[in-house]
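The file final23.cif comes next; it holds mmCIF, C-alpha atoms.
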data_work
loop_
_atom_site.label_atom_id
_atom_site.label_comp_id
_atom_site.auth_asym_id
_atom_site.auth_seq_id
_atom_site.Cartn_x
_atom_site.Cartn_y
_atom_site.Cartn_z
CA MET A 76 23.13 -9.37 32.26
CA THR A 77 20.54 -11.89 31.08
CA ALA A 78 21.47 -15.31 29.74
CA PRO A 79 21.18 -15.92 26.00
CA GLU A 80 17.90 -17.45 24.86
CA PRO A 81 18.69 -20.39 22.55
CA ASP A 82 15.02 -20.72 21.49
CA ALA A 83 14.91 -17.04 20.53
CA ASP A 84 18.13 -17.37 18.59
CA ARG A 85 16.78 -20.40 16.70
CA ALA A 86 13.49 -18.63 15.95
CA ILE A 87 15.22 -15.48 14.74
CA THR A 88 17.62 -17.53 12.63
CA ALA A 89 14.65 -19.31 11.05
CA ILE A 90 12.89 -15.99 10.34
CA TYR A 91 16.14 -14.60 8.93
CA GLY A 92 16.49 -17.59 6.62
CA SER A 93 12.94 -17.38 5.32
CA GLU A 94 12.32 -13.60 5.23
CA TYR A 95 15.67 -11.84 4.76
CA ARG A 96 15.54 -11.65 0.96
CA SER A 97 11.96 -10.36 0.80
CA LEU A 98 12.72 -7.74 3.47
CA VAL A 99 15.81 -6.60 1.56
CA ARG A 100 13.75 -6.35 -1.65
CA LEU A 101 11.18 -4.28 0.25
CA ALA A 102 13.90 -1.96 1.53
CA VAL A 103 15.54 -1.73 -1.94
CA VAL A 104 12.26 -0.54 -3.44
CA LEU A 105 11.85 2.00 -0.64
CA VAL A 106 15.41 3.42 -0.54
CA GLY A 107 16.77 2.60 -4.00
CA ASP A 108 20.11 1.29 -2.74
CA VAL A 109 20.95 -2.39 -2.22
CA ALA A 110 23.74 -1.81 0.33
CA ALA A 111 21.57 0.54 2.41
CA ALA A 112 18.67 -1.93 2.17
CA GLU A 113 20.81 -4.78 3.47
CA GLU A 114 22.01 -2.62 6.38
CA ILE A 115 18.43 -1.57 7.18
CA VAL A 116 17.28 -5.19 7.33
CA GLN A 117 20.26 -6.30 9.39
CA ASP A 118 19.68 -3.45 11.86
CA SER A 119 16.00 -4.46 12.04
CA PHE A 120 16.94 -8.03 12.96
CA VAL A 121 19.31 -6.76 15.65
CA ALA A 122 16.56 -4.55 17.06
CA MET A 123 14.11 -7.45 16.99
CA ARG A 124 16.54 -9.61 18.95
CA GLY A 125 16.64 -6.92 21.61
CA ALA A 126 12.83 -6.84 21.72
CA TRP A 127 12.33 -10.62 21.49
CA ARG A 128 10.79 -11.05 24.96
CA ARG A 129 7.86 -8.89 23.80
CA LEU A 130 7.61 -10.75 20.46
CA GLN A 131 7.09 -14.42 21.26
CA ASP A 132 4.77 -14.95 18.28
CA ARG A 133 6.41 -15.37 14.84
CA ASP A 134 3.62 -13.39 13.14
CA LYS A 135 4.25 -10.51 15.51
CA ALA A 136 7.97 -10.82 14.87
CA LEU A 137 7.51 -10.55 11.11
CA SER A 138 5.15 -7.59 11.55
CA TYR A 139 7.76 -5.97 13.82
CA LEU A 140 10.43 -6.52 11.17
CA ARG A 141 8.34 -5.00 8.38
CA GLN A 142 7.51 -1.98 10.53
CA SER A 143 11.16 -1.60 11.44
CA VAL A 144 12.27 -1.87 7.79
CA VAL A 145 9.73 0.74 6.67
CA ALA A 146 10.65 3.13 9.50
CA ARG A 147 14.40 2.71 8.95
CA SER A 148 13.91 3.19 5.19
CA ARG A 149 12.14 6.49 5.85
CA SER A 150 14.95 7.57 8.13
CA THR A 151 17.54 6.65 5.51
CA ARG A 152 15.67 8.64 2.83
CA ARG A 153 15.43 11.67 5.14
CA ARG A 154 19.16 11.52 5.91
CA ALA A 155 19.96 11.17 2.21
CA ALA A 156 17.72 14.14 1.33
CA ALA A 157 19.27 16.30 4.03
CA GLY A 158 22.88 15.35 3.31
CA PRO A 159 25.22 16.08 0.44
CA PRO A 160 24.39 14.49 -2.92
CA ALA A 161 25.64 10.96 -3.44
CA PRO A 162 28.85 10.55 -5.46
CA ALA A 163 28.37 9.78 -9.14
CA GLY A 164 29.35 6.12 -8.66
CA ALA A 165 27.12 5.48 -5.62
CA PRO A 166 25.04 2.28 -5.77
CA ARG A 167 21.43 2.70 -6.85
CA LEU A 168 18.41 0.52 -7.41
CA PRO A 169 19.42 -1.84 -10.21
CA ASP A 170 17.55 -1.77 -13.48
CA ALA A 171 15.04 -4.54 -14.03
CA GLY A 172 16.58 -7.91 -14.63
CA GLN A 173 19.90 -6.95 -13.07
CA GLN A 174 21.09 -9.40 -10.43
CA GLU A 175 22.82 -7.51 -7.65
CA THR A 176 23.63 -9.42 -4.43
CA GLY A 177 21.48 -12.27 -5.69
CA LEU A 178 18.21 -10.36 -5.49
CA PRO A 179 16.16 -11.04 -8.62
CA ASP A 180 14.78 -7.86 -10.13
CA ALA A 181 15.42 -6.09 -6.81
CA GLY A 182 11.87 -5.15 -6.14
CA LEU A 183 9.62 -6.57 -8.80
CA PRO A 184 7.62 -9.71 -8.21
CA ASP A 185 8.32 -12.77 -10.31
CA ALA A 186 4.68 -13.23 -11.39
CA GLY A 187 4.04 -12.39 -15.02
CA GLN A 188 7.61 -11.60 -15.95
CA GLN A 189 7.52 -13.93 -18.94
CA GLU A 190 4.67 -11.92 -20.50
CA THR A 191 6.19 -8.56 -19.62
CA GLY A 192 9.22 -7.45 -21.57
CA GLN A 193 12.31 -5.70 -20.27
CA PRO A 194 11.13 -2.20 -21.32
CA ALA A 195 7.84 -2.66 -19.44
CA ARG A 196 9.63 -3.74 -16.24
CA SER A 197 11.95 -0.75 -16.51
CA ALA A 198 8.93 1.51 -16.92
CA VAL A 199 7.34 0.07 -13.77
CA ILE A 200 10.54 0.54 -11.75
CA SER A 201 10.89 4.12 -13.02
CA ALA A 202 7.24 4.80 -12.22
CA LEU A 203 7.65 3.41 -8.69
CA ARG A 204 10.72 5.60 -8.18
CA SER A 205 8.69 8.66 -9.17
CA LEU A 206 5.99 8.10 -6.53
CA PRO A 207 6.07 9.94 -3.20
CA PRO A 208 7.53 7.66 -0.51
CA ARG A 209 4.28 6.90 1.34
CA GLN A 210 2.50 5.98 -1.89
CA ARG A 211 5.39 3.72 -2.91
CA GLU A 212 5.36 2.11 0.57
CA ALA A 213 1.61 1.47 0.35
CA LEU A 214 1.85 -0.12 -3.11
CA VAL A 215 4.83 -2.29 -2.25
CA LEU A 216 3.31 -3.50 1.00
CA ARG A 217 -0.15 -4.12 -0.47
CA PHE A 218 0.69 -5.59 -3.88
CA TYR A 219 4.30 -6.77 -3.76
CA LEU A 220 4.15 -8.30 -0.28
CA ASP A 221 0.41 -9.00 -0.64
CA LEU A 222 -0.42 -7.59 2.79
CA SER A 223 -3.91 -6.60 3.85
CA GLU A 224 -4.70 -2.91 4.44
CA GLY A 225 -4.45 -3.56 8.18
CA GLN A 226 -1.05 -5.24 7.88
CA ALA A 227 0.24 -2.47 5.60
CA ALA A 228 -1.11 0.15 8.03
CA SER A 229 0.75 -1.55 10.88
CA ALA A 230 4.00 -1.67 8.89
CA MET A 231 3.65 1.99 7.86
CA GLY A 232 2.47 3.21 11.26
CA VAL A 233 -0.65 4.81 9.76
CA SER A 234 -4.39 4.09 9.68
CA ARG A 235 -6.08 1.71 7.23
CA ASP A 236 -7.79 4.73 5.66
CA ALA A 237 -4.39 6.35 5.06
CA VAL A 238 -3.15 3.16 3.36
CA ALA A 239 -6.26 3.16 1.15
CA ARG A 240 -5.72 6.84 0.23
CA HIS A 241 -2.01 6.35 -0.53
CA THR A 242 -2.78 3.24 -2.61
CA THR A 243 -5.54 4.96 -4.60
CA ARG A 244 -3.36 8.00 -5.32
CA ALA A 245 -0.40 5.81 -6.29
CA MET A 246 -2.51 3.72 -8.66
CA ALA A 247 -3.85 6.89 -10.29
CA ALA A 248 -0.32 8.27 -10.66
CA LEU A 249 0.92 5.00 -12.15
CA GLN A 250 -1.95 4.92 -14.65
CA ASP A 251 -0.85 8.36 -15.86
CA VAL A 252 2.75 7.17 -16.27
CA ILE A 253 2.31 3.61 -17.53
CA LYS A 254 -0.07 3.33 -20.43
CA PRO A 255 -1.51 -0.13 -21.16
CA GLY A 256 -0.06 -1.71 -24.27
CA SER A 257 3.01 0.51 -24.35
#

Show how you would write the structure in this file as structure tokens.
Amino acid sequence: MTAPEPDADRAITAIYGSEYRSLVRLAVVLVGDVAAAEEIVQDSFVAMRGAWRRLQDRDKALSYLRQSVVARSRSTRRRAAAGPPAPAGAPRLPDAGQQETGLPDAGLPDAGQQETGQPARSAVISALRSLPPRQREALVLRFYLDLSEGQAASAMGVSRDAVARHTTRAMAALQDVIKPGS
């Protein structure tokens, strides 16, 4: 058995402190369930600790975490789709403005919320929920997390061209659902 690595533990603790909330928000948008999102992120941190020797660079560690969160979110969605329907009272993605587990707007960025009213935020959340999973992943990674196409491609495990296609299709779908000025 190898000895614990205090430097690794400190680095992971620092990453956890600075990135946990944004990773949970990412997972909430992808799976639509706060409890499942928190479990996905926690499992991703545990997996990263096990792979720490290969991830000495913090940027690589964050990229690893995003990729792990996206992959685990996909797995969770597949299991949910294959299993029995959720009970009527099962937790879901909160409506805009709702504060569940301290996560503001559970998936919507803070920018521009003063100008956008509650009905508009609800429409955006509903529209995001209606997108196919890969399109939703591409939009969230590109515009919510402000990642480059290359970073989003790495997190999704696809090519940059695939990210561009998913993003373009998602934007077109959202334009059909969300009409400006409504």

*Decode the PyMOL selection byres ((chain A and resi 92-98) around 8) for the given file into explicit residues and return them as a list in words.*
Thr88, Ala89, Ile90, Tyr91, Val99, Arg100, Leu101, Ala102, Val116, Arg141, Val144 and Leu178 of chain A

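You will find atom CA of A:Asp236 at 24.5 Å from atom CA of A:Val252.
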
_One number please: atom CA of A:Ala245 to atom CA of A:Arg147, in Å, one decimal._
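Computing the Euclidean distance for atom CA of A:Ala245 and atom CA of A:Arg147 yields 21.5 Å.
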
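Atom CA of A:Leu137 is found 15.9 Å from atom CA of A:Val215.
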
*With all atoms listed in the file as the atoms that count, which of A:Leu203, A:Val104, A:Ala213, A:Ala122 lies nearest to A:Leu140?*
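Smallest distance to A:Leu140 is found for A:Ala122.
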
*Using all atoms listed in the file: which of A:Arg244, A:Leu130, A:Leu105, A:Ser138 has the shortest distance to A:Gly225*: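 Of all the options, A:Ser138 lies closest to A:Gly225.
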
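You can rank A:Val106, A:Ser197, A:Ala126, A:Leu249 by their closest distance to A:Ala156 using only C-alpha atoms, and at the top of that list sits A:Val106.
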
*Could you check which of A:Asp118, A:Ser143, A:Arg149, A:Ile253 is closest to A:Arg211, using only C-alpha atoms?*
A:Arg149

*With only C-alpha atoms as the atoms that count, which of A:Leu214, A:Ala239, A:Arg128, A:Ala111 lies nearest to A:Ala155?*
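Distance minimum relative to A:Ala155 lands on A:Ala111.
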
*asked:* Just checking: using only C-alpha atoms, which residue out of A:Asp251, A:Ala157, A:Thr242, A:Ala83 ends up closest to A:Pro208?
replied: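 Going through A:Asp251, A:Ala157, A:Thr242, A:Ala83 one by one, the smallest distance to A:Pro208 is for A:Thr242.
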
Please write N, CA, C and O atoms of stretch 81-111 of chain A, from the structure given just now, as an mmCIF file, in the first residue's frame.
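Final output, decode.cif:
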data_model
loop_
_atom_site.group_PDB
_atom_site.id
_atom_site.type_symbol
_atom_site.label_atom_id
_atom_site.label_comp_id
_atom_site.auth_asym_id
_atom_site.auth_seq_id
_atom_site.Cartn_x
_atom_site.Cartn_y
_atom_site.Cartn_z
ATOM 1 N N PRO A 81 0.340 14.043 1.128
ATOM 2 C CA PRO A 81 -0.255 15.250 1.707
ATOM 3 C C PRO A 81 -0.387 16.375 0.687
ATOM 4 O O PRO A 81 -1.356 17.127 0.726
ATOM 5 N N ASP A 82 0.570 16.521 -0.232
ATOM 6 C CA ASP A 82 0.472 17.571 -1.253
ATOM 7 C C ASP A 82 -0.722 17.331 -2.170
ATOM 8 O O ASP A 82 -1.423 18.269 -2.539
ATOM 9 N N ALA A 83 -0.947 16.081 -2.539
ATOM 10 C CA ALA A 83 -2.093 15.745 -3.387
ATOM 11 C C ALA A 83 -3.389 16.056 -2.656
ATOM 12 O O ALA A 83 -4.309 16.635 -3.232
ATOM 13 N N ASP A 84 -3.434 15.679 -1.394
ATOM 14 C CA ASP A 84 -4.647 15.931 -0.611
ATOM 15 C C ASP A 84 -4.927 17.438 -0.503
ATOM 16 O O ASP A 84 -6.066 17.877 -0.623
ATOM 17 N N ARG A 85 -3.883 18.231 -0.283
ATOM 18 C CA ARG A 85 -4.062 19.688 -0.208
ATOM 19 C C ARG A 85 -4.528 20.245 -1.555
ATOM 20 O O ARG A 85 -5.425 21.080 -1.602
ATOM 21 N N ALA A 86 -3.917 19.770 -2.632
ATOM 22 C CA ALA A 86 -4.295 20.259 -3.965
ATOM 23 C C ALA A 86 -5.739 19.891 -4.295
ATOM 24 O O ALA A 86 -6.505 20.722 -4.796
ATOM 25 N N ILE A 87 -6.120 18.670 -4.000
ATOM 26 C CA ILE A 87 -7.490 18.227 -4.287
ATOM 27 C C ILE A 87 -8.484 18.982 -3.416
ATOM 28 O O ILE A 87 -9.554 19.379 -3.877
ATOM 29 N N THR A 88 -8.121 19.218 -2.165
ATOM 30 C CA THR A 88 -8.987 19.996 -1.278
ATOM 31 C C THR A 88 -9.173 21.412 -1.814
ATOM 32 O O THR A 88 -10.283 21.954 -1.789
ATOM 33 N N ALA A 89 -8.097 22.001 -2.320
ATOM 34 C CA ALA A 89 -8.185 23.350 -2.893
ATOM 35 C C ALA A 89 -9.083 23.350 -4.143
ATOM 36 O O ALA A 89 -9.921 24.247 -4.306
ATOM 37 N N ILE A 90 -8.913 22.354 -4.997
ATOM 38 C CA ILE A 90 -9.756 22.259 -6.203
ATOM 39 C C ILE A 90 -11.211 22.053 -5.793
ATOM 40 O O ILE A 90 -12.122 22.666 -6.355
ATOM 41 N N TYR A 91 -11.425 21.192 -4.814
ATOM 42 C CA TYR A 91 -12.782 20.941 -4.314
ATOM 43 C C TYR A 91 -13.417 22.247 -3.836
ATOM 44 O O TYR A 91 -14.553 22.561 -4.189
ATOM 45 N N GLY A 92 -12.661 23.015 -3.063
ATOM 46 C CA GLY A 92 -13.188 24.267 -2.528
ATOM 47 C C GLY A 92 -13.524 25.280 -3.611
ATOM 48 O O GLY A 92 -14.506 26.019 -3.498
ATOM 49 N N SER A 93 -12.732 25.316 -4.660
ATOM 50 C CA SER A 93 -12.958 26.333 -5.694
ATOM 51 C C SER A 93 -13.874 25.873 -6.822
ATOM 52 O O SER A 93 -14.515 26.703 -7.470
ATOM 53 N N GLU A 94 -13.986 24.575 -7.068
ATOM 54 C CA GLU A 94 -14.712 24.096 -8.256
ATOM 55 C C GLU A 94 -15.951 23.250 -7.968
ATOM 56 O O GLU A 94 -16.735 22.992 -8.879
ATOM 57 N N TYR A 95 -16.128 22.811 -6.741
ATOM 58 C CA TYR A 95 -17.234 21.898 -6.430
ATOM 59 C C TYR A 95 -18.590 22.433 -6.888
ATOM 60 O O TYR A 95 -19.334 21.755 -7.585
ATOM 61 N N ARG A 96 -18.905 23.661 -6.524
ATOM 62 C CA ARG A 96 -20.228 24.221 -6.849
ATOM 63 C C ARG A 96 -20.449 24.299 -8.352
ATOM 64 O O ARG A 96 -21.533 23.962 -8.838
ATOM 65 N N SER A 97 -19.450 24.742 -9.110
ATOM 66 C CA SER A 97 -19.650 24.853 -10.556
ATOM 67 C C SER A 97 -19.785 23.465 -11.187
ATOM 68 O O SER A 97 -20.560 23.289 -12.127
ATOM 69 N N LEU A 98 -19.064 22.476 -10.666
ATOM 70 C CA LEU A 98 -19.197 21.117 -11.191
ATOM 71 C C LEU A 98 -20.575 20.533 -10.859
ATOM 72 O O LEU A 98 -21.172 19.836 -11.683
ATOM 73 N N VAL A 99 -21.077 20.829 -9.667
ATOM 74 C CA VAL A 99 -22.428 20.353 -9.314
ATOM 75 C C VAL A 99 -23.457 21.024 -10.212
ATOM 76 O O VAL A 99 -24.372 20.370 -10.721
ATOM 77 N N ARG A 100 -23.319 22.329 -10.460
ATOM 78 C CA ARG A 100 -24.260 23.012 -11.357
ATOM 79 C C ARG A 100 -24.210 22.404 -12.754
ATOM 80 O O ARG A 100 -25.250 22.208 -13.386
ATOM 81 N N LEU A 101 -23.005 22.096 -13.227
ATOM 82 C CA LEU A 101 -22.870 21.430 -14.525
ATOM 83 C C LEU A 101 -23.638 20.113 -14.521
ATOM 84 O O LEU A 101 -24.449 19.845 -15.415
ATOM 85 N N ALA A 102 -23.422 19.297 -13.512
ATOM 86 C CA ALA A 102 -24.088 18.000 -13.431
ATOM 87 C C ALA A 102 -25.600 18.153 -13.284
ATOM 88 O O ALA A 102 -26.368 17.372 -13.861
ATOM 89 N N VAL A 103 -26.055 19.169 -12.535
ATOM 90 C CA VAL A 103 -27.502 19.392 -12.373
ATOM 91 C C VAL A 103 -28.137 19.674 -13.729
ATOM 92 O O VAL A 103 -29.189 19.130 -14.065
ATOM 93 N N VAL A 104 -27.488 20.506 -14.520
ATOM 94 C CA VAL A 104 -28.033 20.823 -15.844
ATOM 95 C C VAL A 104 -28.066 19.567 -16.707
ATOM 96 O O VAL A 104 -29.009 19.357 -17.473
ATOM 97 N N LEU A 105 -27.078 18.706 -16.571
ATOM 98 C CA LEU A 105 -26.999 17.515 -17.413
ATOM 99 C C LEU A 105 -27.939 16.393 -16.974
ATOM 100 O O LEU A 105 -28.461 15.674 -17.817
ATOM 101 N N VAL A 106 -28.147 16.220 -15.650
ATOM 102 C CA VAL A 106 -28.981 15.108 -15.185
ATOM 103 C C VAL A 106 -30.329 15.537 -14.628
ATOM 104 O O VAL A 106 -31.219 14.711 -14.477
ATOM 105 N N GLY A 107 -30.467 16.827 -14.276
ATOM 106 C CA GLY A 107 -31.758 17.307 -13.794
ATOM 107 C C GLY A 107 -32.103 16.902 -12.374
ATOM 108 O O GLY A 107 -33.269 16.922 -11.998
ATOM 109 N N ASP A 108 -31.126 16.539 -11.573
ATOM 110 C CA ASP A 108 -31.387 16.082 -10.215
ATOM 111 C C ASP A 108 -30.221 16.522 -9.332
ATOM 112 O O ASP A 108 -29.079 16.109 -9.558
ATOM 113 N N VAL A 109 -30.483 17.344 -8.334
ATOM 114 C CA VAL A 109 -29.432 17.898 -7.486
ATOM 115 C C VAL A 109 -28.714 16.801 -6.711
ATOM 116 O O VAL A 109 -27.480 16.786 -6.652
ATOM 117 N N ALA A 110 -29.442 15.869 -6.113
ATOM 118 C CA ALA A 110 -28.803 14.807 -5.325
ATOM 119 C C ALA A 110 -27.902 13.939 -6.199
ATOM 120 O O ALA A 110 -26.775 13.612 -5.813
ATOM 121 N N ALA A 111 -28.386 13.573 -7.373
ATOM 122 C CA ALA A 111 -27.567 12.771 -8.293
ATOM 123 C C ALA A 111 -26.346 13.567 -8.743
ATOM 124 O O ALA A 111 -25.243 13.019 -8.858
#
